[in-house]
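Worksheet: one structure, shown below.
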Amino acid sequence: MTSVAVLGSTGSIGTQTLDVIRSNPEDFSVEVLAAGTSTDLVMKQIEEFKPSLVVMANAEASERIKSEFDSLQVYHGKKPLEKAATQSDVIVNAIVGFAGLPVTLSALHAGKRLALANKESLIAGGPIVRKVRESTNAEIIPVDSEHCALHQCLRGNADNLNGPSGPVKKLLLTASGGPFREWTKDQLRQVTVEDSLNHPTWNMGPKITVDSSTLMNKGLEIIEAHELFGIGYEHIDVVVHPQSIVHSMVEFVDSSVIAQLSMPDMRLPISYALRYPERSQGSWGEIDWGTLNRLDFEKPNEDMFPCLGLAYEAGQMGETAPAWLNAANEIAVESFLQGTIDWMQISEVIQMTLNECDGNLAEVENDIYAADKKARTIATAVIEKL
Ligand SMILES: NC(=O)c1ccc[n+]([C@@H]2O[C@H](COP(=O)([O-])OP(=O)(O)OC[C@H]3O[C@@H](n4cnc5c(N)ncnc54)[C@H](OP(=O)(O)O)[C@@H]3O)[C@@H](O)[C@H]2O)c1
């Protein structure tokens, strides 16, 4: 029986993780649940999964849960969240945004398996996460479908996933292209929040859905791939593949390409990360080869979707620059969702914030928190001026 901490249990990845556990009660138990403020849903999850520890983002939420479950350990805030990330065999980081960084660091410090959905922590904290991973040898098994695909393609084909790439020529990250793949520049000027939340192939939380519409999600994933697999940016390419069946590919030095294909269902990569190196006996949707008909591939349009280029730029700058990129993006997306800026201005805010990046080194954890704070202040000021 593997004990699991589901941190971010009320979101899209969190609820799908609980779905995987619900389908395999003989293999997994839920030890810890954590979420922001969605108390009603957390209380239902407590009744069903009977965790021994619950952590919420604020006191109001934790007090409300405590009043209903008086014998349960319920806490709130960063320190308890860090502790929660050491309390199970597998830690699923399904929190959205920079708030997931303490979970990633704490789980790796404790030498736990980290099933990582929260890409933002790896992007913002890359150099620090690298050091912790090296010192404890803790495993990160990616939950992001593209990186799960790369992990599967590399398995058995490249001896050391985290070391020099050796036989690997290129990582090819696939992108659905989002809802605006075929839109003109004039149409992009009119994008509404509703349009951007209407993803063609995946049903996800609002932040990542907007990121997918700007292609910043793919930009973040380029940095995520660099951090996970230790491969240079010049060897990571993006290919648009609208059907979201090929989840990513690895090209080897002899030009042989290995791809991972499956239906677009996040429960497959979640279950892979929970069970690795074994595989789930149950299926999360089989491909019907008789009706699939075609798989299309094309180059991404970086003129229409400048976030992709901005992510390469920040990744290549390294150190705290990806933390600036991530913070600027979080602020811009939040402002777009609140109706303060329009969709085209998301990339402008990120570009203008990155222009102010001080290039500080990322030597200790606090360098990341300082970079995040400074970039948020600058991005907020940029938005006020727009
Ligand atoms: N959804 C996907 O298919 C998908 C695919 C690949 C990667 N990812 C990545 O997975 C992560 C989660 O995405 P999502 O789509 O599942 O997001 P989501 O649906 O918005 O869920 C976010 C979760 O984080 C919790 N949360 C927010 N702030 C928190 C805090 N300060 N402390 C503790 N918990 C907090 C939320 O709790 P409340 O509900 O209480 O606010 C919720 O449980 C993101 O990094 C995303 O990029 C998602």
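Starting from 1 in every chain, residues are counted up; chains themselves are A, B, ... following the order of the structure tokens, and ligands are numbered from 1 as listed.
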
Near-region 101-118 of chain A list (10 Å; only C-alpha atoms; drop same-chain fewer than 6 positions) as a PyMOL selection string: chain A and resi 4-8+13-14+78-79+81-95+124-125+128-145+147-148+269-274+276+365+368-369

At most 6 Å from ligand 1 (only C-alpha atoms and all ligand atoms): residue list as a VMD selection string: chain A and resid 8 to 14 34 to 38 56 to 57 94 to 97 99 117 to 120 144 204 to 206 208 266

Every residue of region 85-141 of chain A that DSSP places in strand (DSSP E), as JSON, numbers by chain: {"A": [90, 91, 92, 93, 113, 114, 115, 116, 140, 141]}

Print the selection's residues with N, CA, C and O atoms to a file, as a JSON list (two decimals), in the first residue's frame.
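Final file, again39.json:
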[["chain", "number", "residue", "atom", "x", "y", "z"],
["A", 90, "VAL", "N", 4.51, 9.03, -1.56],
["A", 90, "VAL", "CA", 4.54, 9.84, -2.79],
["A", 90, "VAL", "C", 3.86, 11.17, -2.51],
["A", 90, "VAL", "O", 2.77, 11.21, -1.92],
["A", 91, "ILE", "N", 4.52, 12.24, -2.93],
["A", 91, "ILE", "CA", 3.96, 13.58, -2.74],
["A", 91, "ILE", "C", 3.51, 14.09, -4.11],
["A", 91, "ILE", "O", 4.34, 14.28, -5.02],
["A", 92, "VAL", "N", 2.20, 14.30, -4.27],
["A", 92, "VAL", "CA", 1.69, 14.84, -5.54],
["A", 92, "VAL", "C", 1.58, 16.35, -5.38],
["A", 92, "VAL", "O", 0.77, 16.84, -4.58],
["A", 93, "ASN", "N", 2.40, 17.09, -6.12],
["A", 93, "ASN", "CA", 2.33, 18.55, -6.06],
["A", 93, "ASN", "C", 1.39, 19.03, -7.17],
["A", 93, "ASN", "O", 1.80, 19.20, -8.31],
["A", 113, "ARG", "N", 9.51, 10.60, -3.19],
["A", 113, "ARG", "CA", 9.15, 10.69, -4.61],
["A", 113, "ARG", "C", 8.19, 11.85, -4.80],
["A", 113, "ARG", "O", 7.15, 11.93, -4.14],
["A", 114, "LEU", "N", 8.56, 12.74, -5.73],
["A", 114, "LEU", "CA", 7.71, 13.87, -6.03],
["A", 114, "LEU", "C", 7.03, 13.63, -7.37],
["A", 114, "LEU", "O", 7.69, 13.53, -8.41],
["A", 115, "ALA", "N", 5.69, 13.49, -7.35],
["A", 115, "ALA", "CA", 4.91, 13.40, -8.58],
["A", 115, "ALA", "C", 4.54, 14.84, -8.92],
["A", 115, "ALA", "O", 3.68, 15.44, -8.30],
["A", 116, "LEU", "N", 5.25, 15.39, -9.89],
["A", 116, "LEU", "CA", 5.20, 16.85, -10.08],
["A", 116, "LEU", "C", 4.28, 17.31, -11.20],
["A", 116, "LEU", "O", 4.55, 17.07, -12.38],
["A", 140, "ILE", "N", 12.04, 12.87, -9.11],
["A", 140, "ILE", "CA", 10.87, 13.61, -9.61],
["A", 140, "ILE", "C", 10.30, 12.79, -10.77],
["A", 140, "ILE", "O", 11.01, 12.51, -11.73],
["A", 141, "ILE", "N", 9.05, 12.40, -10.64],
["A", 141, "ILE", "CA", 8.37, 11.76, -11.77],
["A", 141, "ILE", "C", 7.35, 12.78, -12.28],
["A", 141, "ILE", "O", 6.44, 13.17, -11.56]]

Region 342-350 of chain A surroundings by only C-alpha atoms, 10 Å radius, close-in-sequence under 2 positions cut, as a PyMOL selection string: chain A and resi 185+188-193+196+210-211+213-214+216+304-308+310-311+324-340+352-355+375+378-383+386

Residue nearest Lys207 (chain A) - candidates A:Val257, A:Phe98, A:Asn301, A:Pro51, atoms counted: only C-alpha atoms: A:Phe98

Nearby residues (only C-alpha atoms) at most 10 Å from Glu26 (chain A), same-chain spacing under 3 positions excluded, as a PyMOL selection string: chain A and resi 1-2+21-23+29

Residues as selected, C-alpha atoms, written as an mmCIF file, in the first residue's frame, can you do that?
data_model
loop_
_atom_site.group_PDB
_atom_site.id
_atom_site.type_symbol
_atom_site.label_atom_id
_atom_site.label_comp_id
_atom_site.auth_asym_id
_atom_site.auth_seq_id
_atom_site.Cartn_x
_atom_site.Cartn_y
_atom_site.Cartn_z
ATOM 1 C CA MET A 1 0.000 0.000 0.000
ATOM 2 C CA THR A 2 1.518 3.330 -1.092
ATOM 3 C CA ILE A 21 -6.717 6.408 -5.974
ATOM 4 C CA ARG A 22 -10.485 5.771 -5.782
ATOM 5 C CA SER A 23 -10.122 3.228 -8.604
ATOM 6 C CA SER A 29 -4.209 5.376 0.629
#

Alpha helix (DSSP H) call set, DSSP backbone run, region 86-244 of chain A, as a PyMOL selection string: chain A and resi 101-109+119-124+126-136+145-154+185-189+193-196+206-214+216-229

Residue with smallest distance to Glu302 (chain A) - pool A:Leu122, A:Glu47, A:Leu215, A:Glu234, counting only C-alpha atoms: A:Leu215

Residue nearest Gln152 (chain A) - candidates A:Pro242, A:Pro300, A:Pro322, A:Pro277, atoms counted: only C-alpha atoms: A:Pro277

Nearest candidate to Thr320 (chain A) (options A:Gly77, A:Gly177, A:Gly359, A:Gly230; using only C-alpha atoms):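 Using only C-alpha atoms, Thr320 (chain A) sits closest to A:Gly359.
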
Neighbour list for region 245-249 of chain A as a tab-separated table (two decimals) with N, CA, C and O atoms, in the first residue's frame, cut-off 9 Å, only C-alpha atoms, skip fewer than 6 positions in-chain:
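Everything below was put into around.tsv:
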chain	number	residue	atom	x	y	z
A	145	SER	N	1.81	15.91	-18.97
A	145	SER	CA	1.71	14.79	-19.92
A	145	SER	C	2.91	14.75	-20.88
A	145	SER	O	3.38	13.67	-21.24
A	146	GLU	N	3.40	15.93	-21.27
A	146	GLU	CA	4.52	15.96	-22.23
A	146	GLU	C	5.79	15.39	-21.60
A	146	GLU	O	6.55	14.65	-22.24
A	147	HIS	N	6.02	15.74	-20.33
A	147	HIS	CA	7.25	15.30	-19.67
A	147	HIS	C	7.15	13.84	-19.24
A	147	HIS	O	8.13	13.12	-19.22
A	148	CYS	N	5.91	13.43	-18.94
A	148	CYS	CA	5.68	12.01	-18.67
A	148	CYS	C	5.99	11.22	-19.95
A	148	CYS	O	6.62	10.17	-19.92
A	149	ALA	N	5.57	11.78	-21.10
A	149	ALA	CA	5.85	11.13	-22.39
A	149	ALA	C	7.36	11.06	-22.62
A	149	ALA	O	7.89	10.00	-23.00
A	150	LEU	N	8.07	12.15	-22.36
A	150	LEU	CA	9.53	12.16	-22.56
A	150	LEU	C	10.18	11.14	-21.63
A	150	LEU	O	11.10	10.42	-22.03
A	153	CYS	N	9.73	7.83	-23.16
A	153	CYS	CA	10.55	7.64	-24.38
A	153	CYS	C	12.02	7.44	-24.02
A	153	CYS	O	12.74	6.72	-24.70
A	170	LYS	N	17.45	15.39	-29.64
A	170	LYS	CA	16.45	16.44	-29.45
A	170	LYS	C	15.26	15.94	-28.65
A	170	LYS	O	14.83	14.80	-28.82
A	171	LEU	N	14.72	16.80	-27.80
A	171	LEU	CA	13.41	16.54	-27.19
A	171	LEU	C	12.40	17.32	-28.02
A	171	LEU	O	12.60	18.52	-28.29
A	172	LEU	N	11.32	16.67	-28.43
A	172	LEU	CA	10.28	17.34	-29.22
A	172	LEU	C	9.00	17.40	-28.40
A	172	LEU	O	8.31	16.39	-28.22
A	173	LEU	N	8.73	18.58	-27.86
A	173	LEU	CA	7.53	18.77	-27.04
A	173	LEU	C	6.36	19.05	-27.96
A	173	LEU	O	6.43	19.99	-28.78
A	174	THR	N	5.28	18.29	-27.83
A	174	THR	CA	4.12	18.60	-28.66
A	174	THR	C	3.20	19.60	-27.95
A	174	THR	O	3.14	19.62	-26.72
A	175	ALA	N	2.51	20.41	-28.75
A	175	ALA	CA	1.58	21.42	-28.23
A	175	ALA	C	0.30	21.32	-29.03
A	175	ALA	O	0.35	21.19	-30.25
A	239	VAL	N	6.61	21.24	-31.33
A	239	VAL	CA	5.88	20.87	-32.55
A	239	VAL	C	4.40	20.98	-32.24
A	239	VAL	O	3.93	20.39	-31.25
A	257	VAL	N	13.20	8.38	-34.06
A	257	VAL	CA	12.33	9.15	-33.15
A	257	VAL	C	11.40	8.20	-32.42
A	257	VAL	O	10.75	7.36	-33.04
A	258	ILE	N	11.35	8.33	-31.08
A	258	ILE	CA	10.42	7.52	-30.29
A	258	ILE	C	9.36	8.46	-29.70
A	258	ILE	O	9.70	9.51	-29.14
A	259	ALA	N	8.09	8.09	-29.88
A	259	ALA	CA	7.00	8.95	-29.40
A	259	ALA	C	6.14	8.17	-28.41
A	259	ALA	O	6.13	6.94	-28.42
A	260	GLN	N	5.44	8.89	-27.53
A	260	GLN	CA	4.45	8.23	-26.64
A	260	GLN	C	3.08	8.72	-27.06
A	260	GLN	O	2.83	9.93	-27.17
A	261	LEU	N	2.16	7.78	-27.29
A	261	LEU	CA	0.80	8.12	-27.73
A	261	LEU	C	-0.21	7.58	-26.74
A	261	LEU	O	-0.07	6.46	-26.22
A	262	SER	N	-1.23	8.37	-26.47
A	262	SER	CA	-2.38	7.89	-25.68
A	262	SER	C	-3.49	8.93	-25.82
A	262	SER	O	-3.25	10.04	-26.31
A	263	MET	N	-4.69	8.58	-25.36
A	263	MET	CA	-5.78	9.55	-25.38
A	263	MET	C	-5.44	10.68	-24.40
A	263	MET	O	-4.71	10.46	-23.43
A	264	PRO	N	-5.95	11.90	-24.64
A	264	PRO	CA	-5.64	12.99	-23.71
A	264	PRO	C	-6.43	12.85	-22.41
A	264	PRO	O	-7.55	13.34	-22.29
A	287	ILE	N	-6.83	4.18	-27.52
A	287	ILE	CA	-6.93	4.83	-28.83
A	287	ILE	C	-7.73	3.91	-29.75
A	287	ILE	O	-7.45	2.71	-29.82
A	295	LEU	N	-2.89	12.23	-37.83
A	295	LEU	CA	-2.13	12.96	-36.81
A	295	LEU	C	-1.41	14.08	-37.56
A	295	LEU	O	-0.65	13.81	-38.49
